[in-house]
Amino acid sequence: MNTIIVYSSAKKMGNTGVAVEAMAKEYNAQTLFLDDYVINDYSYEHKNKDDDFRALFRHVLQFEHVVFASPVYWYAVTPRMKAFIDRITEFMDDEVLKPELRELRSKQFSILSTSIHETAPLAFTDMLKKTFEYLGMQLRGMHHQQFPYED
């Protein structure tokens, strides 16, 4: 099964980057660091068609298994990851793009989180689980890696 790990973090090779690299080796997966790209917020008027989102999302659709990885920021994913997820709405409300979105129904997803705590908070995992299950994806696994607090 081909896998891509889509991740975001304030530090590309911080704790989340370390966890992503380890998982990428385990799954022989590609990685996609969202913070290397321009992903604007969702716009009801679809004003952001010229940023990197659509090309990135279409690239992700080529994989059977997508791992969404983020540190836990106040019970949520990073702002860039949230923008990426919100922008999927464009494929829901545009008749031309809907057939591409339906490809998610044949995909699996996993969650990789990092924090100073032993487990990820339910608010964090529920948001991702419910969003991607709503889109028709099947949950394959949830992984959390605890890292010590850094001053």
# chains A, B, ... in the order shown; residues from 1 in each chain; ligands from 1
$ residues_around --residues "A:Thr31" --least-positions-apart "4" --cutoff "9 Å" --atoms "only C-alpha atoms" --output "ChimeraX atom specification"
/A:3-7,20-21,24
$ closest_residue --among "A:Phe91, A:Asn15, A:Gln138, A:Tyr42" --to "A:Glu150" --atoms "only C-alpha atoms"
A:Asn15
$ closest_residue --among "A:Thr131, A:Thr125, A:Ser43, A:Ser70" --to "A:Lys12" --atoms "only C-alpha atoms"
A:Ser70
$ residues_around --residues "stretch 46-61 of chain A" --least-positions-apart "5" --cutoff "12 Å" --atoms "only C-alpha atoms" --output "PDB file with N, CA and C atoms, in the first residue's frame"
ATOM      1  N   ASN A   2       0.669   2.138  -0.964  1.00  0.00           N
ATOM      2  CA  ASN A   2       1.498   3.334  -1.001  1.00  0.00           C
ATOM      3  C   ASN A   2       0.963   4.369  -0.014  1.00  0.00           C
ATOM      4  N   THR A   3       1.891   5.000   0.695  1.00  0.00           N
ATOM      5  CA  THR A   3       1.558   5.890   1.798  1.00  0.00           C
ATOM      6  C   THR A   3       2.251   7.230   1.634  1.00  0.00           C
ATOM      7  N   ILE A   4       1.535   8.287   2.002  1.00  0.00           N
ATOM      8  CA  ILE A   4       2.117   9.621   2.099  1.00  0.00           C
ATOM      9  C   ILE A   4       1.810  10.160   3.487  1.00  0.00           C
ATOM     10  N   ILE A   5       2.786  10.830   4.064  1.00  0.00           N
ATOM     11  CA  ILE A   5       2.596  11.477   5.357  1.00  0.00           C
ATOM     12  C   ILE A   5       2.551  12.981   5.099  1.00  0.00           C
ATOM     13  N   VAL A   6       1.401  13.566   5.359  1.00  0.00           N
ATOM     14  CA  VAL A   6       1.180  14.994   5.191  1.00  0.00           C
ATOM     15  C   VAL A   6       1.332  15.607   6.580  1.00  0.00           C
ATOM     16  N   TYR A   7       2.324  16.520   6.725  1.00  0.00           N
ATOM     17  CA  TYR A   7       2.540  17.049   8.068  1.00  0.00           C
ATOM     18  C   TYR A   7       2.816  18.533   8.063  1.00  0.00           C
ATOM     19  N   ALA A  29       7.233   5.445   3.142  1.00  0.00           N
ATOM     20  CA  ALA A  29       6.285   6.476   2.728  1.00  0.00           C
ATOM     21  C   ALA A  29       6.976   7.726   2.229  1.00  0.00           C
ATOM     22  N   GLN A  30       6.284   8.443   1.377  1.00  0.00           N
ATOM     23  CA  GLN A  30       6.691   9.790   0.994  1.00  0.00           C
ATOM     24  C   GLN A  30       6.229  10.747   2.086  1.00  0.00           C
ATOM     25  N   THR A  31       6.864  11.902   2.160  1.00  0.00           N
ATOM     26  CA  THR A  31       6.433  12.926   3.105  1.00  0.00           C
ATOM     27  C   THR A  31       6.120  14.209   2.352  1.00  0.00           C
ATOM     28  N   LEU A  32       5.207  14.980   2.903  1.00  0.00           N
ATOM     29  CA  LEU A  32       4.813  16.265   2.336  1.00  0.00           C
ATOM     30  C   LEU A  32       4.692  17.250   3.479  1.00  0.00           C
ATOM     31  N   PHE A  33       5.622  18.206   3.533  1.00  0.00           N
ATOM     32  CA  PHE A  33       5.637  19.210   4.596  1.00  0.00           C
ATOM     33  C   PHE A  33       4.838  20.420   4.129  1.00  0.00           C
ATOM     34  N   LEU A  34       3.652  20.577   4.661  1.00  0.00           N
ATOM     35  CA  LEU A  34       2.734  21.619   4.201  1.00  0.00           C
ATOM     36  C   LEU A  34       3.290  23.027   4.341  1.00  0.00           C
ATOM     37  N   ASP A  35       4.130  23.241   5.327  1.00  0.00           N
ATOM     38  CA  ASP A  35       4.636  24.587   5.578  1.00  0.00           C
ATOM     39  C   ASP A  35       5.636  25.057   4.517  1.00  0.00           C
ATOM     40  N   ASP A  36       6.022  24.177   3.597  1.00  0.00           N
ATOM     41  CA  ASP A  36       6.866  24.577   2.471  1.00  0.00           C
ATOM     42  C   ASP A  36       6.044  25.198   1.338  1.00  0.00           C
ATOM     43  N   TYR A  37       4.726  25.240   1.491  1.00  0.00           N
ATOM     44  CA  TYR A  37       3.838  25.666   0.407  1.00  0.00           C
ATOM     45  C   TYR A  37       2.928  26.801   0.849  1.00  0.00           C
ATOM     46  N   VAL A  38       2.347  27.466  -0.115  1.00  0.00           N
ATOM     47  CA  VAL A  38       1.369  28.518   0.150  1.00  0.00           C
ATOM     48  C   VAL A  38      -0.019  27.882   0.102  1.00  0.00           C
ATOM     49  N   ILE A  39      -0.677  27.869   1.244  1.00  0.00           N
ATOM     50  CA  ILE A  39      -2.037  27.343   1.347  1.00  0.00           C
ATOM     51  C   ILE A  39      -2.851  28.409   2.073  1.00  0.00           C
ATOM     52  N   ASN A  40      -3.643  29.118   1.318  1.00  0.00           N
ATOM     53  CA  ASN A  40      -4.466  30.172   1.903  1.00  0.00           C
ATOM     54  C   ASN A  40      -5.705  29.577   2.556  1.00  0.00           C
ATOM     55  N   ASP A  41      -6.383  30.395   3.329  1.00  0.00           N
ATOM     56  CA  ASP A  41      -7.607  29.960   3.989  1.00  0.00           C
ATOM     57  C   ASP A  41      -8.709  29.718   2.969  1.00  0.00           C
ATOM     58  N   VAL A  66      -3.115   7.826   3.673  1.00  0.00           N
ATOM     59  CA  VAL A  66      -2.646   9.170   3.993  1.00  0.00           C
ATOM     60  C   VAL A  66      -2.533   9.287   5.507  1.00  0.00           C
ATOM     61  N   VAL A  67      -1.346   9.646   5.972  1.00  0.00           N
ATOM     62  CA  VAL A  67      -1.133   9.899   7.392  1.00  0.00           C
ATOM     63  C   VAL A  67      -1.120  11.413   7.571  1.00  0.00           C
ATOM     64  N   PHE A  68      -1.970  11.900   8.458  1.00  0.00           N
ATOM     65  CA  PHE A  68      -2.005  13.325   8.779  1.00  0.00           C
ATOM     66  C   PHE A  68      -1.258  13.500  10.091  1.00  0.00           C
ATOM     67  N   ARG A  80      -1.604  25.610   9.479  1.00  0.00           N
ATOM     68  CA  ARG A  80      -1.429  25.219   8.075  1.00  0.00           C
ATOM     69  C   ARG A  80      -2.162  23.916   7.773  1.00  0.00           C
ATOM     70  N   MET A  81      -2.118  22.973   8.706  1.00  0.00           N
ATOM     71  CA  MET A  81      -2.859  21.719   8.524  1.00  0.00           C
ATOM     72  C   MET A  81      -4.362  22.006   8.502  1.00  0.00           C
ATOM     73  N   ALA A  83      -5.842  24.762   7.575  1.00  0.00           N
ATOM     74  CA  ALA A  83      -6.166  25.400   6.298  1.00  0.00           C
ATOM     75  C   ALA A  83      -6.244  24.361   5.188  1.00  0.00           C
ATOM     76  N   PHE A  84      -5.319  23.399   5.173  1.00  0.00           N
ATOM     77  CA  PHE A  84      -5.333  22.334   4.176  1.00  0.00           C
ATOM     78  C   PHE A  84      -6.642  21.548   4.261  1.00  0.00           C
ATOM     79  N   ILE A  85      -7.032  21.179   5.464  1.00  0.00           N
ATOM     80  CA  ILE A  85      -8.264  20.415   5.661  1.00  0.00           C
ATOM     81  C   ILE A  85      -9.477  21.257   5.256  1.00  0.00           C
ATOM     82  N   ASP A  86      -9.513  22.511   5.674  1.00  0.00           N
ATOM     83  CA  ASP A  86     -10.644  23.376   5.326  1.00  0.00           C
ATOM     84  C   ASP A  86     -10.788  23.538   3.819  1.00  0.00           C
ATOM     85  N   ARG A  87      -9.682  23.599   3.119  1.00  0.00           N
ATOM     86  CA  ARG A  87      -9.734  23.817   1.674  1.00  0.00           C
ATOM     87  C   ARG A  87     -10.323  22.632   0.919  1.00  0.00           C
ATOM     88  N   ILE A  88     -10.378  21.463   1.528  1.00  0.00           N
ATOM     89  CA  ILE A  88     -11.006  20.312   0.883  1.00  0.00           C
ATOM     90  C   ILE A  88     -12.462  20.637   0.548  1.00  0.00           C
ATOM     91  N   THR A  89     -13.042  21.564   1.290  1.00  0.00           N
ATOM     92  CA  THR A  89     -14.411  21.998   1.039  1.00  0.00           C
ATOM     93  C   THR A  89     -14.597  22.466  -0.401  1.00  0.00           C
ATOM     94  N   GLU A  90     -13.561  23.036  -0.989  1.00  0.00           N
ATOM     95  CA  GLU A  90     -13.664  23.480  -2.384  1.00  0.00           C
ATOM     96  C   GLU A  90     -14.066  22.332  -3.304  1.00  0.00           C
ATOM     97  N   PHE A  91     -13.582  21.140  -3.007  1.00  0.00           N
ATOM     98  CA  PHE A  91     -13.897  19.980  -3.837  1.00  0.00           C
ATOM     99  C   PHE A  91     -15.306  19.451  -3.538  1.00  0.00           C
ATOM    100  N   MET A  92     -15.894  19.895  -2.426  1.00  0.00           N
ATOM    101  CA  MET A  92     -17.255  19.489  -2.082  1.00  0.00           C
ATOM    102  C   MET A  92     -18.295  20.381  -2.738  1.00  0.00           C
ATOM    103  N   ASP A  93     -17.979  21.669  -2.892  1.00  0.00           N
ATOM    104  CA  ASP A  93     -19.001  22.598  -3.373  1.00  0.00           C
ATOM    105  C   ASP A  93     -18.777  23.065  -4.814  1.00  0.00           C
ATOM    106  N   ASP A  94     -17.963  22.337  -5.549  1.00  0.00           N
ATOM    107  CA  ASP A  94     -17.741  22.632  -6.969  1.00  0.00           C
ATOM    108  C   ASP A  94     -18.020  21.352  -7.756  1.00  0.00           C
ATOM    109  N   LEU A  97     -15.151  19.599  -9.472  1.00  0.00           N
ATOM    110  CA  LEU A  97     -14.140  18.984  -8.616  1.00  0.00           C
ATOM    111  C   LEU A  97     -14.663  17.789  -7.808  1.00  0.00           C
ATOM    112  N   PRO A  99     -15.972  14.828  -8.446  1.00  0.00           N
ATOM    113  CA  PRO A  99     -15.512  13.462  -8.756  1.00  0.00           C
ATOM    114  C   PRO A  99     -14.129  13.157  -8.183  1.00  0.00           C
ATOM    115  N   GLU A 100     -13.259  14.155  -8.137  1.00  0.00           N
ATOM    116  CA  GLU A 100     -11.929  13.944  -7.549  1.00  0.00           C
ATOM    117  C   GLU A 100     -12.042  13.702  -6.047  1.00  0.00           C
ATOM    118  N   LEU A 101     -12.903  14.457  -5.391  1.00  0.00           N
ATOM    119  CA  LEU A 101     -13.091  14.299  -3.948  1.00  0.00           C
ATOM    120  C   LEU A 101     -13.587  12.896  -3.615  1.00  0.00           C
ATOM    121  N   ARG A 102     -14.432  12.347  -4.453  1.00  0.00           N
ATOM    122  CA  ARG A 102     -14.995  11.012  -4.187  1.00  0.00           C
ATOM    123  C   ARG A 102     -13.920   9.931  -4.165  1.00  0.00           C
ATOM    124  N   GLU A 103     -12.757  10.225  -4.722  1.00  0.00           N
ATOM    125  CA  GLU A 103     -11.654   9.266  -4.671  1.00  0.00           C
ATOM    126  C   GLU A 103     -11.244   8.964  -3.231  1.00  0.00           C
ATOM    127  N   LEU A 104     -11.515   9.889  -2.314  1.00  0.00           N
ATOM    128  CA  LEU A 104     -11.169   9.662  -0.905  1.00  0.00           C
ATOM    129  C   LEU A 104     -11.905   8.456  -0.332  1.00  0.00           C
ATOM    130  N   ARG A 105     -13.031   8.109  -0.907  1.00  0.00           N
ATOM    131  CA  ARG A 105     -13.827   6.998  -0.390  1.00  0.00           C
ATOM    132  C   ARG A 105     -13.098   5.660  -0.473  1.00  0.00           C
ATOM    133  N   SER A 106     -12.082   5.587  -1.295  1.00  0.00           N
ATOM    134  CA  SER A 106     -11.318   4.340  -1.416  1.00  0.00           C
ATOM    135  C   SER A 106      -9.986   4.409  -0.652  1.00  0.00           C
ATOM    136  N   LYS A 107      -9.804   5.440   0.145  1.00  0.00           N
ATOM    137  CA  LYS A 107      -8.528   5.653   0.840  1.00  0.00           C
ATOM    138  C   LYS A 107      -8.622   5.325   2.319  1.00  0.00           C
ATOM    139  N   GLN A 108      -7.460   5.057   2.892  1.00  0.00           N
ATOM    140  CA  GLN A 108      -7.324   4.889   4.334  1.00  0.00           C
ATOM    141  C   GLN A 108      -6.546   6.080   4.875  1.00  0.00           C
ATOM    142  N   PHE A 109      -6.763   6.385   6.152  1.00  0.00           N
ATOM    143  CA  PHE A 109      -5.999   7.455   6.784  1.00  0.00           C
ATOM    144  C   PHE A 109      -5.553   7.022   8.166  1.00  0.00           C
ATOM    145  N   MET A 137     -13.276   8.132   4.137  1.00  0.00           N
ATOM    146  CA  MET A 137     -12.026   7.406   4.345  1.00  0.00           C
ATOM    147  C   MET A 137     -12.158   6.459   5.535  1.00  0.00           C
TER     148      MET A 137
END
$ select_by_dssp --residues "stretch 53-122 of chain A" --states "strand (DSSP E or B)" --output "list in words"
His65, Val66, Val67, Phe68, Ala69, Ser70, Pro71, Tyr73, Ala76, Gln108, Phe109, Ser110, Ile111, Leu112, Ser113, Thr114 and Ser115 of chain A
